[in-house]
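What follows is target_14.json (JSON, C-alpha atoms and all ligand atoms).
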```json
[["chain", "number", "residue", "atom", "x", "y", "z"],
["A", 3, "MET", "CA", 69.50, 94.88, 169.62],
["A", 4, "ILE", "CA", 71.29, 92.58, 167.17],
["A", 5, "ILE", "CA", 70.38, 91.73, 163.56],
["A", 6, "LYS", "CA", 68.93, 88.37, 164.50],
["A", 7, "GLU", "CA", 66.52, 89.91, 167.02],
["A", 8, "ILE", "CA", 65.29, 92.78, 164.90],
["A", 9, "LEU", "CA", 64.83, 90.51, 161.90],
["A", 10, "GLY", "CA", 62.84, 88.00, 163.92],
["A", 11, "LYS", "CA", 60.67, 90.73, 165.43],
["A", 12, "SER", "CA", 60.10, 92.40, 162.07],
["A", 13, "VAL", "CA", 59.09, 89.14, 160.39],
["A", 14, "GLN", "CA", 56.62, 88.44, 163.19],
["A", 15, "TYR", "CA", 55.24, 91.98, 163.01],
["A", 16, "LEU", "CA", 54.60, 91.76, 159.27],
["A", 17, "LYS", "CA", 53.21, 88.25, 159.61],
["A", 18, "ASP", "CA", 50.74, 89.44, 162.24],
["A", 19, "LYS", "CA", 49.70, 92.23, 159.92],
["A", 20, "GLY", "CA", 48.87, 89.63, 157.28],
["A", 21, "PHE", "CA", 51.62, 90.31, 154.75],
["A", 22, "GLU", "CA", 52.23, 87.48, 152.31],
["A", 23, "THR", "CA", 56.04, 87.53, 152.22],
["A", 24, "PRO", "CA", 57.00, 88.78, 155.70],
["A", 25, "ARG", "CA", 60.54, 87.38, 155.70],
["A", 26, "LEU", "CA", 61.48, 88.69, 152.28],
["A", 27, "ASP", "CA", 59.96, 92.09, 153.11],
["A", 28, "ALA", "CA", 61.74, 92.28, 156.46],
["A", 29, "GLU", "CA", 65.07, 91.29, 154.90],
["A", 30, "MET", "CA", 64.78, 93.90, 152.19],
["A", 31, "LEU", "CA", 63.84, 96.65, 154.63],
["A", 32, "LEU", "CA", 66.57, 95.69, 157.08],
["A", 33, "GLY", "CA", 69.03, 95.66, 154.21],
["A", 34, "ALA", "CA", 68.00, 99.22, 153.41],
["A", 35, "ALA", "CA", 68.12, 100.31, 157.06],
["A", 36, "THR", "CA", 71.62, 98.91, 157.64],
["A", 37, "GLY", "CA", 73.19, 99.22, 154.21],
["A", 38, "LEU", "CA", 73.87, 95.48, 154.23],
["A", 39, "GLN", "CA", 73.09, 93.09, 151.40],
["A", 40, "ARG", "CA", 70.21, 90.76, 152.21],
["A", 41, "ILE", "CA", 72.52, 87.77, 152.09],
["A", 42, "ASP", "CA", 74.93, 89.37, 154.58],
["A", 43, "LEU", "CA", 72.24, 89.77, 157.22],
["A", 44, "TYR", "CA", 72.62, 86.08, 158.03],
["A", 45, "SER", "CA", 76.39, 86.01, 158.24],
["A", 46, "ARG", "CA", 76.24, 89.06, 160.53],
["A", 47, "PHE", "CA", 73.45, 87.73, 162.70],
["A", 48, "GLU", "CA", 75.13, 88.86, 165.94],
["A", 49, "ARG", "CA", 76.02, 92.36, 164.70],
["A", 50, "PRO", "CA", 74.52, 95.04, 166.97],
["A", 51, "LEU", "CA", 72.43, 97.75, 165.34],
["A", 52, "GLU", "CA", 73.21, 101.41, 165.79],
["A", 53, "ASP", "CA", 70.43, 103.59, 167.17],
["A", 54, "GLY", "CA", 70.00, 105.30, 163.83],
["A", 55, "GLU", "CA", 69.53, 101.97, 162.11],
["A", 56, "VAL", "CA", 66.82, 100.90, 164.54],
["A", 57, "THR", "CA", 64.99, 104.18, 164.04],
["A", 58, "LYS", "CA", 65.28, 103.83, 160.27],
["A", 59, "MET", "CA", 63.99, 100.27, 160.38],
["A", 60, "ARG", "CA", 61.02, 101.34, 162.50],
["A", 61, "SER", "CA", 60.05, 103.98, 160.01],
["A", 62, "LEU", "CA", 60.42, 101.62, 157.04],
["A", 63, "LEU", "CA", 58.29, 98.99, 158.81],
["A", 64, "GLN", "CA", 55.71, 101.63, 159.56],
["A", 65, "ARG", "CA", 55.45, 102.53, 155.88],
["A", 66, "ARG", "CA", 55.24, 98.89, 154.88],
["A", 67, "SER", "CA", 52.57, 98.18, 157.48],
["A", 68, "GLN", "CA", 50.38, 100.78, 155.81],
["A", 69, "GLY", "CA", 50.60, 98.85, 152.57],
["A", 70, "GLU", "CA", 53.22, 100.86, 150.71],
["A", 71, "PRO", "CA", 54.91, 98.60, 148.15],
["A", 72, "ILE", "CA", 58.48, 97.59, 149.01],
["A", 73, "ALA", "CA", 59.74, 98.97, 145.70],
["A", 74, "TYR", "CA", 58.57, 102.50, 146.54],
["A", 75, "ILE", "CA", 60.04, 102.26, 150.05],
["A", 76, "LEU", "CA", 63.41, 101.16, 148.68],
["A", 77, "GLY", "CA", 63.19, 103.40, 145.61],
["A", 78, "GLU", "CA", 64.21, 100.63, 143.25],
["A", 79, "LYS", "CA", 63.03, 97.39, 141.73],
["A", 80, "GLU", "CA", 64.85, 94.61, 139.96],
["A", 81, "PHE", "CA", 63.62, 93.96, 136.43],
["A", 82, "TYR", "CA", 65.09, 91.50, 133.97],
["A", 83, "ARG", "CA", 68.82, 91.87, 134.73],
["A", 84, "LYS", "CA", 69.03, 95.36, 136.19],
["A", 85, "ASN", "CA", 67.90, 97.45, 139.10],
["A", 86, "PHE", "CA", 65.63, 100.33, 138.12],
["A", 87, "LEU", "CA", 64.90, 103.43, 140.15],
["A", 88, "VAL", "CA", 61.20, 103.80, 140.80],
["A", 89, "SER", "CA", 59.17, 106.66, 142.21],
["A", 90, "PRO", "CA", 55.48, 107.26, 142.87],
["A", 91, "ALA", "CA", 55.40, 108.74, 139.35],
["A", 92, "THR", "CA", 56.28, 105.38, 137.80],
["A", 93, "LEU", "CA", 54.54, 102.06, 137.79],
["A", 94, "ILE", "CA", 56.58, 99.37, 139.56],
["A", 95, "PRO", "CA", 58.03, 97.06, 136.88],
["A", 96, "ARG", "CA", 56.18, 93.72, 136.94],
["A", 97, "PRO", "CA", 57.75, 90.30, 136.46],
["A", 98, "GLU", "CA", 55.34, 89.43, 133.62],
["A", 99, "THR", "CA", 56.61, 92.39, 131.62],
["A", 100, "GLU", "CA", 60.01, 90.68, 131.57],
["A", 101, "LEU", "CA", 58.42, 88.22, 129.14],
["A", 102, "LEU", "CA", 58.04, 91.06, 126.66],
["A", 103, "VAL", "CA", 61.76, 91.81, 126.94],
["A", 104, "GLU", "CA", 62.65, 88.14, 126.62],
["A", 105, "HIS", "CA", 60.50, 87.79, 123.53],
["A", 106, "VAL", "CA", 62.14, 90.77, 121.87],
["A", 107, "LEU", "CA", 65.61, 89.45, 122.69],
["A", 108, "ASP", "CA", 64.63, 86.03, 121.26],
["A", 109, "CYS", "CA", 63.43, 87.69, 118.05],
["A", 110, "ILE", "CA", 66.72, 89.60, 117.74],
["A", 111, "GLU", "CA", 68.75, 86.49, 118.38],
["A", 112, "GLN", "CA", 66.85, 84.46, 115.79],
["A", 113, "ALA", "CA", 67.11, 87.12, 113.09],
["A", 114, "PRO", "CA", 70.05, 86.94, 110.69],
["A", 115, "GLU", "CA", 73.12, 88.53, 112.22],
["A", 116, "SER", "CA", 73.52, 92.18, 111.42],
["A", 117, "ALA", "CA", 75.61, 95.16, 112.44],
["A", 118, "GLU", "CA", 72.93, 97.64, 111.38],
["A", 119, "PRO", "CA", 71.46, 99.84, 114.10],
["A", 120, "LEU", "CA", 68.23, 98.43, 115.44],
["A", 121, "TRP", "CA", 65.52, 100.90, 116.42],
["A", 122, "ILE", "CA", 63.07, 100.42, 119.26],
["A", 123, "LEU", "CA", 60.12, 102.60, 120.20],
["A", 124, "ASP", "CA", 58.77, 102.30, 123.74],
["A", 125, "LEU", "CA", 55.47, 104.06, 124.48],
["A", 126, "GLY", "CA", 54.59, 105.04, 128.04],
["A", 127, "ILE", "CA", 57.99, 104.16, 129.45],
["A", 128, "GLY", "CA", 57.56, 104.69, 133.21],
["A", 129, "THR", "CA", 60.93, 103.63, 134.65],
["A", 130, "GLY", "CA", 62.19, 102.94, 131.12],
["A", 131, "CYS", "CA", 62.71, 99.30, 132.02],
["A", 132, "ILE", "CA", 61.43, 97.69, 128.80],
["A", 133, "ALA", "CA", 63.55, 99.39, 126.16],
["A", 134, "GLN", "CA", 66.53, 99.88, 128.48],
["A", 135, "SER", "CA", 66.66, 96.17, 129.26],
["A", 136, "VAL", "CA", 66.91, 95.48, 125.54],
["A", 137, "LEU", "CA", 69.52, 98.23, 125.04],
["A", 138, "ALA", "CA", 71.63, 96.71, 127.81],
["A", 139, "GLU", "CA", 71.73, 93.38, 125.95],
["A", 140, "VAL", "CA", 71.96, 94.61, 122.37],
["A", 141, "PRO", "CA", 74.76, 97.12, 121.79],
["A", 142, "ARG", "CA", 73.62, 98.03, 118.26],
["A", 143, "ALA", "CA", 70.13, 98.98, 119.47],
["A", 144, "GLN", "CA", 68.84, 102.53, 119.85],
["A", 145, "ALA", "CA", 65.59, 103.41, 121.57],
["A", 146, "ILE", "CA", 63.12, 106.24, 121.73],
["A", 147, "GLY", "CA", 60.91, 106.43, 124.80],
["A", 148, "VAL", "CA", 57.71, 108.47, 124.98],
["A", 149, "GLU", "CA", 56.25, 109.44, 128.35],
["A", 150, "ILE", "CA", 53.47, 111.80, 129.38],
["A", 151, "SER", "CA", 54.68, 112.28, 132.97],
["A", 152, "GLU", "CA", 57.67, 114.56, 133.31],
["A", 153, "ALA", "CA", 58.50, 113.09, 136.72],
["A", 154, "ALA", "CA", 58.52, 109.58, 135.27],
["A", 155, "LEU", "CA", 60.63, 110.71, 132.33],
["A", 156, "MET", "CA", 63.25, 112.08, 134.73],
["A", 157, "ILE", "CA", 63.43, 108.71, 136.46],
["A", 158, "ALA", "CA", 63.74, 106.90, 133.13],
["A", 159, "LYS", "CA", 66.59, 109.19, 132.08],
["A", 160, "GLN", "CA", 68.40, 108.56, 135.37],
["A", 161, "ASN", "CA", 67.91, 104.85, 134.85],
["A", 162, "SER", "CA", 69.38, 105.00, 131.36],
["A", 163, "GLU", "CA", 72.51, 106.64, 132.79],
["A", 164, "ARG", "CA", 72.76, 104.22, 135.70],
["A", 165, "ILE", "CA", 72.47, 101.26, 133.38],
["A", 166, "GLY", "CA", 74.95, 102.76, 130.96],
["A", 167, "VAL", "CA", 72.68, 103.06, 127.90],
["A", 168, "GLY", "CA", 72.01, 106.80, 128.13],
["A", 169, "ASP", "CA", 73.79, 107.57, 124.87],
["A", 170, "ARG", "CA", 71.39, 105.27, 122.98],
["A", 171, "TYR", "CA", 68.21, 106.27, 124.79],
["A", 172, "HIS", "CA", 66.24, 109.20, 123.39],
["A", 173, "THR", "CA", 63.11, 110.58, 125.00],
["A", 174, "VAL", "CA", 60.03, 112.55, 124.08],
["A", 175, "LEU", "CA", 57.85, 114.17, 126.72],
["A", 176, "GLY", "CA", 54.16, 114.09, 125.88],
["A", 177, "ALA", "CA", 51.09, 111.97, 125.23],
["A", 178, "ALA", "CA", 52.00, 109.19, 122.81],
["A", 179, "GLU", "CA", 49.02, 109.99, 120.56],
["A", 180, "MET", "CA", 50.49, 113.47, 120.01],
["A", 181, "ALA", "CA", 54.15, 112.55, 119.76],
["A", 182, "VAL", "CA", 54.42, 111.05, 116.26],
["A", 183, "GLU", "CA", 56.12, 114.09, 114.82],
["A", 184, "ALA", "CA", 58.70, 114.37, 117.60],
["A", 185, "VAL", "CA", 59.38, 110.64, 117.41],
["A", 186, "SER", "CA", 59.73, 110.72, 113.62],
["A", 187, "LYS", "CA", 62.19, 113.59, 113.88],
["A", 188, "ILE", "CA", 64.51, 111.59, 116.14],
["A", 189, "LEU", "CA", 64.11, 108.51, 113.95],
["A", 190, "ALA", "CA", 65.03, 110.54, 110.86],
["A", 191, "THR", "CA", 68.50, 111.12, 112.30],
["A", 192, "ALA", "CA", 69.08, 107.46, 111.38],
["A", 193, "GLY", "CA", 68.30, 108.23, 107.73],
["A", 194, "PRO", "CA", 65.29, 109.09, 105.59],
["A", 195, "GLN", "CA", 64.12, 105.48, 105.29],
["A", 196, "ALA", "CA", 64.54, 104.64, 108.97],
["A", 197, "ALA", "CA", 61.76, 102.69, 110.66],
["A", 198, "PHE", "CA", 61.28, 100.86, 113.94],
["A", 199, "ASP", "CA", 62.29, 97.23, 114.25],
["A", 200, "PHE", "CA", 60.25, 97.04, 117.45],
["A", 201, "ILE", "CA", 57.38, 99.10, 118.77],
["A", 202, "LEU", "CA", 56.70, 98.15, 122.37],
["A", 203, "ALA", "CA", 54.42, 99.29, 125.15],
["A", 204, "ASN", "CA", 53.03, 98.42, 128.51],
["A", 205, "PRO", "CA", 50.22, 100.95, 128.24],
["A", 206, "PRO", "CA", 47.60, 101.73, 130.85],
["A", 207, "TYR", "CA", 45.10, 98.92, 130.27],
["A", 208, "VAL", "CA", 43.09, 98.47, 133.45],
["A", 209, "ALA", "CA", 39.40, 99.22, 132.89],
["A", 210, "VAL", "CA", 38.30, 102.17, 135.01],
["A", 211, "GLU", "CA", 35.54, 100.06, 136.54],
["A", 212, "ASP", "CA", 37.84, 97.13, 137.33],
["A", 213, "GLU", "CA", 38.90, 96.29, 140.85],
["A", 214, "VAL", "CA", 42.61, 96.53, 141.50],
["A", 215, "GLN", "CA", 44.62, 95.56, 144.56],
["A", 216, "THR", "CA", 44.33, 98.16, 147.29],
["A", 217, "SER", "CA", 48.06, 98.85, 147.42],
["A", 218, "VAL", "CA", 48.18, 99.31, 143.64],
["A", 219, "LYS", "CA", 45.26, 101.71, 143.69],
["A", 220, "LYS", "CA", 46.58, 103.63, 146.67],
["A", 221, "TYR", "CA", 50.23, 103.99, 145.63],
["A", 222, "GLU", "CA", 50.72, 103.53, 141.89],
["A", 223, "PRO", "CA", 50.10, 106.29, 139.34],
["A", 224, "HIS", "CA", 46.55, 106.01, 138.01],
["A", 225, "GLN", "CA", 47.62, 107.60, 134.75],
["A", 226, "ALA", "CA", 49.82, 104.56, 134.12],
["A", 227, "LEU", "CA", 47.12, 102.05, 135.01],
["A", 228, "PHE", "CA", 43.67, 103.06, 133.85],
["A", 229, "SER", "CA", 42.33, 103.41, 130.36],
["A", 230, "ASP", "CA", 38.86, 104.17, 128.99],
["A", 231, "GLN", "CA", 36.82, 101.87, 126.81],
["A", 232, "ARG", "CA", 37.22, 98.84, 129.07],
["A", 233, "GLY", "CA", 40.97, 99.40, 129.28],
["A", 234, "LEU", "CA", 41.41, 99.38, 125.49],
["A", 235, "SER", "CA", 41.64, 103.05, 124.68],
["A", 236, "HIS", "CA", 45.44, 103.44, 124.83],
["A", 237, "LEU", "CA", 46.12, 100.04, 123.29],
["A", 238, "MET", "CA", 43.97, 100.91, 120.28],
["A", 239, "ALA", "CA", 45.18, 104.47, 119.83],
["A", 240, "TRP", "CA", 48.88, 103.72, 120.24],
["A", 241, "SER", "CA", 48.92, 100.68, 117.97],
["A", 242, "THR", "CA", 46.97, 102.41, 115.21],
["A", 243, "THR", "CA", 49.02, 105.61, 115.42],
["A", 244, "TYR", "CA", 52.45, 104.00, 115.37],
["A", 245, "ALA", "CA", 51.98, 100.97, 113.11],
["A", 246, "PRO", "CA", 53.01, 102.96, 110.00],
["A", 247, "LEU", "CA", 56.42, 103.63, 111.60],
["A", 248, "LEU", "CA", 57.20, 99.92, 111.80],
["A", 249, "SER", "CA", 59.83, 98.52, 109.46],
["A", 250, "LYS", "CA", 59.03, 95.71, 107.03],
["A", 251, "GLY", "CA", 59.31, 92.55, 109.12],
["A", 252, "GLY", "CA", 59.23, 94.69, 112.28],
["A", 253, "THR", "CA", 57.34, 93.67, 115.41],
["A", 254, "MET", "CA", 54.77, 95.55, 117.42],
["A", 255, "MET", "CA", 54.17, 94.08, 120.85],
["A", 256, "MET", "CA", 52.06, 95.43, 123.69],
["A", 257, "GLU", "CA", 51.10, 94.19, 127.10],
["A", 258, "MET", "CA", 47.32, 94.04, 127.61],
["A", 259, "GLY", "CA", 44.64, 92.93, 130.05],
["A", 260, "LYS", "CA", 43.78, 89.26, 130.30],
["A", 261, "ASP", "CA", 40.37, 89.82, 128.67],
["A", 262, "HIS", "CA", 41.70, 91.89, 125.79],
["A", 263, "GLY", "CA", 43.06, 89.09, 123.60],
["A", 264, "ASP", "CA", 40.19, 88.60, 121.13],
["A", 265, "PHE", "CA", 39.53, 92.29, 120.75],
["A", 266, "MET", "CA", 43.16, 93.24, 120.25],
["A", 267, "LYS", "CA", 43.78, 90.40, 117.83],
["A", 268, "ASN", "CA", 40.94, 91.71, 115.68],
["A", 269, "HIS", "CA", 42.18, 95.24, 116.06],
["A", 270, "PHE", "CA", 45.72, 94.31, 114.96],
["A", 271, "VAL", "CA", 44.32, 92.40, 111.96],
["A", 272, "GLN", "CA", 42.28, 95.46, 111.02],
["A", 273, "ILE", "CA", 45.32, 97.72, 111.15],
["A", 274, "GLY", "CA", 46.08, 95.81, 107.97],
["A", 275, "ILE", "CA", 49.88, 95.81, 107.87],
["A", 276, "PHE", "CA", 50.62, 92.68, 109.84],
["A", 277, "ALA", "CA", 51.49, 89.36, 108.22],
["A", 278, "GLU", "CA", 50.99, 87.60, 111.53],
["A", 279, "VAL", "CA", 49.17, 88.45, 114.72],
["A", 280, "HIS", "CA", 49.71, 86.44, 117.90],
["A", 281, "ILE", "CA", 48.49, 86.47, 121.46],
["A", 282, "LEU", "CA", 51.14, 85.53, 124.02],
["A", 283, "LYS", "CA", 50.40, 84.37, 127.54],
["A", 284, "ASP", "CA", 51.93, 85.37, 130.88],
["A", 285, "TYR", "CA", 53.31, 83.06, 133.61],
["A", 286, "ALA", "CA", 49.82, 82.52, 134.97],
["A", 287, "GLY", "CA", 48.54, 81.38, 131.58],
["A", 288, "TRP", "CA", 46.48, 84.52, 130.90],
["A", 289, "ASP", "CA", 46.48, 86.24, 127.52],
["A", 290, "ARG", "CA", 48.89, 89.09, 128.23],
["A", 291, "PHE", "CA", 50.58, 90.36, 125.06],
["A", 292, "ILE", "CA", 49.45, 91.15, 121.55],
["A", 293, "GLU", "CA", 52.07, 90.87, 118.84],
["A", 294, "GLY", "CA", 51.95, 91.83, 115.20],
["A", 295, "VAL", "CA", 54.74, 91.15, 112.70],
["A", 296, "ARG", "CA", 54.69, 93.42, 109.66],
["A", 297, "HIS", "CA", 54.76, 92.04, 106.12],
["A", 298, "GLY", "CA", 58.37, 91.67, 104.96],
["A", 301, "LIG", "N1", 49.64, 94.65, 135.33],
["A", 301, "LIG", "C1", 49.34, 95.86, 136.02],
["A", 301, "LIG", "C2", 48.47, 95.59, 137.21],
["A", 301, "LIG", "O1", 48.04, 94.51, 137.41],
["A", 301, "LIG", "C3", 48.68, 96.86, 135.09],
["A", 301, "LIG", "C4", 49.70, 97.51, 134.28],
["A", 301, "LIG", "C5", 49.13, 98.41, 133.25],
["A", 301, "LIG", "O2", 48.02, 98.91, 133.28],
["A", 301, "LIG", "N2", 49.91, 98.60, 132.30],
["A", 301, "LIG", "O3", 48.24, 96.43, 138.03]]
```
Could you show the structure in this file as structure tokens?
Ligand code: GLN
Amino acid sequence: MIIKEILGKSVQYLKDKGFETPRLDAEMLLGAATGLQRIDLYSRFERPLEDGEVTKMRSLLQRRSQGEPIAYILGEKEFYRKNFLVSPATLIPRPETELLVEHVLDCIEQAPESAEPLWILDLGIGTGCIAQSVLAEVPRAQAIGVEISEAALMIAKQNSERIGVGDRYHTVLGAAEMAVEAVSKILATAGPQAAFDFILANPPYVAVEDEVQTSVKKYEPHQALFSDQRGLSHLMAWSTTYAPLLSKGGTMMMEMGKDHGDFMKNHFVQIGIFAEVHILKDYAGWDRFIEGVRHG
């Protein structure tokens, strides 16, 4: 069998199974099975496949046909400008979360130029993609990541090394609500007055009673998705707990559910340290992020 044939057959197979992006999926899986870049599949259309490659492709297709997300099958997912390792212990980075990174980078760019270290706190890091994407763009930045899942934390650490920001990425294992002391200790290495310029999170925010896509529910870590109190429990606890660690003029920004805007805006106002509180929307136009900027 040659590339052209197996690709055509795989696309048809996934199409028949009702997958929404059969060609993209088939290309990515065939890339993984052959070790070729997606783009090279087309210039090598007549290349015969080795037996091992066919077997590999069959098993990858089998996994996909059961609904396993491509990112878990490949073990990585592109986010912002890098490829991040993912595992069943981590949520798969979502494109909308890139908006959070972009917003932070915009804020940094618009601030007066400085050579001072910039400190970022990321709560519930998963793959580590949020803070590490910022670190990769901003050489003077340092980040602390807090994660309750040891397996996820291992992945995040590997990612920080792969991306080349490991020396500026510090981690704390534990529930964010309980980690203030450990976080403060690391922050204090920057000096007694040190505070966070950015406190960021994509916390679990799906209401326990909410319906989620079958593949999400079946494959992604529930601990990273679901939160009590209509999905607000982590958002409330983490923002309240960590707001005092924000620098003057610092920004707290968290991803939230599309129905959380009004509640979280009120909650941020009640925290009482923010000069401004904004709701930011995602690509689909839903309320998706809550942002508070501390009094200068
Ligand atoms: N946006 C994710 C989803 O739709 C939820 C992520 C989260 O809870 N942080 O599944």
Inset, instruction - For ligand LIG 301 (chain A), list the contacting residues at 9 Å or closer, counting only C-alpha atoms and all ligand atoms, as a ChimeraX atom specification. - result: /A:93-96,98-99,203-209,214-215,218-219,222,224-229,233,257-259
Which residues of segment 45-115 of chain A sit at most 10 Å from segment 8-18 of chain A, using all atoms listed in the file? Give each one's shortest atom pair and distance in Å (one decimal place), in chain and ascending residue order, as CSV.
```
residue,atom,partner,partner_atom,distance
A:Phe47,CA,A:Leu9,CA,9.1
A:Pro50,CA,A:Ile8,CA,9.7
A:Leu51,CA,A:Ile8,CA,8.7
A:Val56,CA,A:Ile8,CA,8.3
A:Met59,CA,A:Ile8,CA,8.8
A:Arg60,CA,A:Ser12,CA,9.0
A:Leu63,CA,A:Ser12,CA,7.6
A:Gln64,CA,A:Leu16,CA,9.9
A:Arg66,CA,A:Leu16,CA,8.4
A:Ser67,CA,A:Leu16,CA,7.0
```
Inset, instruction - Just the residues within 6 Å of Thr253 of chain A, please, counting all atoms listed in the file, with nothing from its chain fewer than 4 positions along; format it as a list in words. - result: Phe200, Gly294 and Val295 of chain A
Inset, instruction - Rank A:Ile281, A:Met266, A:Ala153, A:Leu248 by their smallest atom-to-atom distance to Ser235 of chain A, using only C-alpha atoms, and report the top residue only. - result: A:Met266
Inset, instruction - Would you work out the distance separating atom CA of Glu213 of chain A from atom CA of Tyr285 of chain A, expressed in Å to one decimal? - result: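 We find that atom CA of Glu213 of chain A and atom CA of Tyr285 of chain A lie 20.9 Å from each other.
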Inset, instruction - Take atom CA of Asp42 of chain A and atom CA of Leu76 of chain A and report the distance between them in Å, one decimal. - result: 17.5 Å
Legend entry - Å distance separating atom CA of Tyr74 of chain A from atom CA of Ile157 of chain A, one decimal place: 12.8 Å
Inset, instruction - Give the answer as one residue: which of A:Thr242, A:Leu102, A:Ile72, A:Lys250 has the shortest atom-to-atom distance to Glu293 of chain A, using only C-alpha atoms? - result: A:Leu102
Inset, instruction - Please provide as a PyMOL selection string all residues within 12 Å of Glu115 of chain A, with the sequence filter that same-chain residues fewer than 5 positions apart are discarded (counting all atoms listed in the file). - result: chain A and resi 109-110+120+140+142
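Ranking A:Ala178, A:Leu202, A:Ala197, A:Ile75 by their shortest atom-to-atom distance to Cys131 of chain A, with all atoms listed in the file included, puts A:Leu202 first.
Ranking A:Leu107, A:Arg40, A:Leu87, A:Val182 by their shortest atom-to-atom distance to Leu155 of chain A, with all atoms listed in the file included, puts A:Leu87 first.
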Legend entry - Given all atoms listed in the file as the counted atoms, nearest of A:Ala133, A:Ile5, A:Val279, A:Ile127 to Gly263 of chain A: A:Val279
Please produce segment 286-291 of chain A, completed to all heavy atoms, as a PDB file, keeping the file's coordinate frame.
```
ATOM      1  N   ALA A 286      51.014  83.113 134.370  1.00  0.00           N
ATOM      2  CA  ALA A 286      49.820  82.520 134.970  1.00  0.00           C
ATOM      3  C   ALA A 286      48.922  81.871 133.916  1.00  0.00           C
ATOM      4  O   ALA A 286      47.887  81.305 134.246  1.00  0.00           O
ATOM      5  CB  ALA A 286      49.046  83.596 135.733  1.00  0.00           C
ATOM      6  N   GLY A 287      49.342  81.980 132.644  1.00  0.00           N
ATOM      7  CA  GLY A 287      48.540  81.380 131.580  1.00  0.00           C
ATOM      8  C   GLY A 287      47.463  82.294 131.018  1.00  0.00           C
ATOM      9  O   GLY A 287      46.647  81.882 130.198  1.00  0.00           O
ATOM     10  N   TRP A 288      47.440  83.568 131.457  1.00  0.00           N
ATOM     11  CA  TRP A 288      46.480  84.520 130.900  1.00  0.00           C
ATOM     12  C   TRP A 288      47.019  85.112 129.594  1.00  0.00           C
ATOM     13  O   TRP A 288      48.226  85.311 129.458  1.00  0.00           O
ATOM     14  CB  TRP A 288      46.235  85.696 131.858  1.00  0.00           C
ATOM     15  CG  TRP A 288      45.664  85.355 133.192  1.00  0.00           C
ATOM     16  CD1 TRP A 288      46.312  85.428 134.392  1.00  0.00           C
ATOM     17  CD2 TRP A 288      44.337  84.908 133.491  1.00  0.00           C
ATOM     18  NE1 TRP A 288      45.475  85.058 135.413  1.00  0.00           N
ATOM     19  CE2 TRP A 288      44.253  84.731 134.886  1.00  0.00           C
ATOM     20  CE3 TRP A 288      43.204  84.646 132.708  1.00  0.00           C
ATOM     21  CZ2 TRP A 288      43.088  84.302 135.530  1.00  0.00           C
ATOM     22  CZ3 TRP A 288      42.046  84.219 133.349  1.00  0.00           C
ATOM     23  CH2 TRP A 288      41.999  84.049 134.727  1.00  0.00           C
ATOM     24  N   ASP A 289      46.091  85.438 128.686  1.00  0.00           N
ATOM     25  CA  ASP A 289      46.480  86.240 127.520  1.00  0.00           C
ATOM     26  C   ASP A 289      47.064  87.539 128.042  1.00  0.00           C
ATOM     27  O   ASP A 289      46.430  88.225 128.848  1.00  0.00           O
ATOM     28  CB  ASP A 289      45.243  86.570 126.664  1.00  0.00           C
ATOM     29  CG  ASP A 289      44.698  85.337 125.961  1.00  0.00           C
ATOM     30  OD1 ASP A 289      45.362  84.292 125.980  1.00  0.00           O
ATOM     31  OD2 ASP A 289      43.599  85.433 125.379  1.00  0.00           O
ATOM     32  N   ARG A 290      48.268  87.905 127.627  1.00  0.00           N
ATOM     33  CA  ARG A 290      48.890  89.090 128.230  1.00  0.00           C
ATOM     34  C   ARG A 290      49.555  90.034 127.226  1.00  0.00           C
ATOM     35  O   ARG A 290      49.741  91.221 127.493  1.00  0.00           O
ATOM     36  CB  ARG A 290      49.931  88.645 129.292  1.00  0.00           C
ATOM     37  CG  ARG A 290      50.553  89.756 130.088  1.00  0.00           C
ATOM     38  CD  ARG A 290      49.548  90.571 130.872  1.00  0.00           C
ATOM     39  NE  ARG A 290      48.889  89.777 131.875  1.00  0.00           N
ATOM     40  CZ  ARG A 290      47.743  90.128 132.484  1.00  0.00           C
ATOM     41  NH1 ARG A 290      47.149  91.249 132.202  1.00  0.00           N
ATOM     42  NH2 ARG A 290      47.189  89.320 133.368  1.00  0.00           N
ATOM     43  N   PHE A 291      49.905  89.507 126.038  1.00  0.00           N
ATOM     44  CA  PHE A 291      50.580  90.360 125.060  1.00  0.00           C
ATOM     45  C   PHE A 291      49.954  90.157 123.683  1.00  0.00           C
ATOM     46  O   PHE A 291      49.581  89.053 123.329  1.00  0.00           O
ATOM     47  CB  PHE A 291      52.078  90.010 124.965  1.00  0.00           C
ATOM     48  CG  PHE A 291      52.772  90.042 126.293  1.00  0.00           C
ATOM     49  CD1 PHE A 291      52.964  88.869 127.018  1.00  0.00           C
ATOM     50  CD2 PHE A 291      53.228  91.231 126.831  1.00  0.00           C
ATOM     51  CE1 PHE A 291      53.594  88.888 128.263  1.00  0.00           C
ATOM     52  CE2 PHE A 291      53.847  91.266 128.078  1.00  0.00           C
ATOM     53  CZ  PHE A 291      54.040  90.085 128.799  1.00  0.00           C
TER      54      PHE A 291
END
```
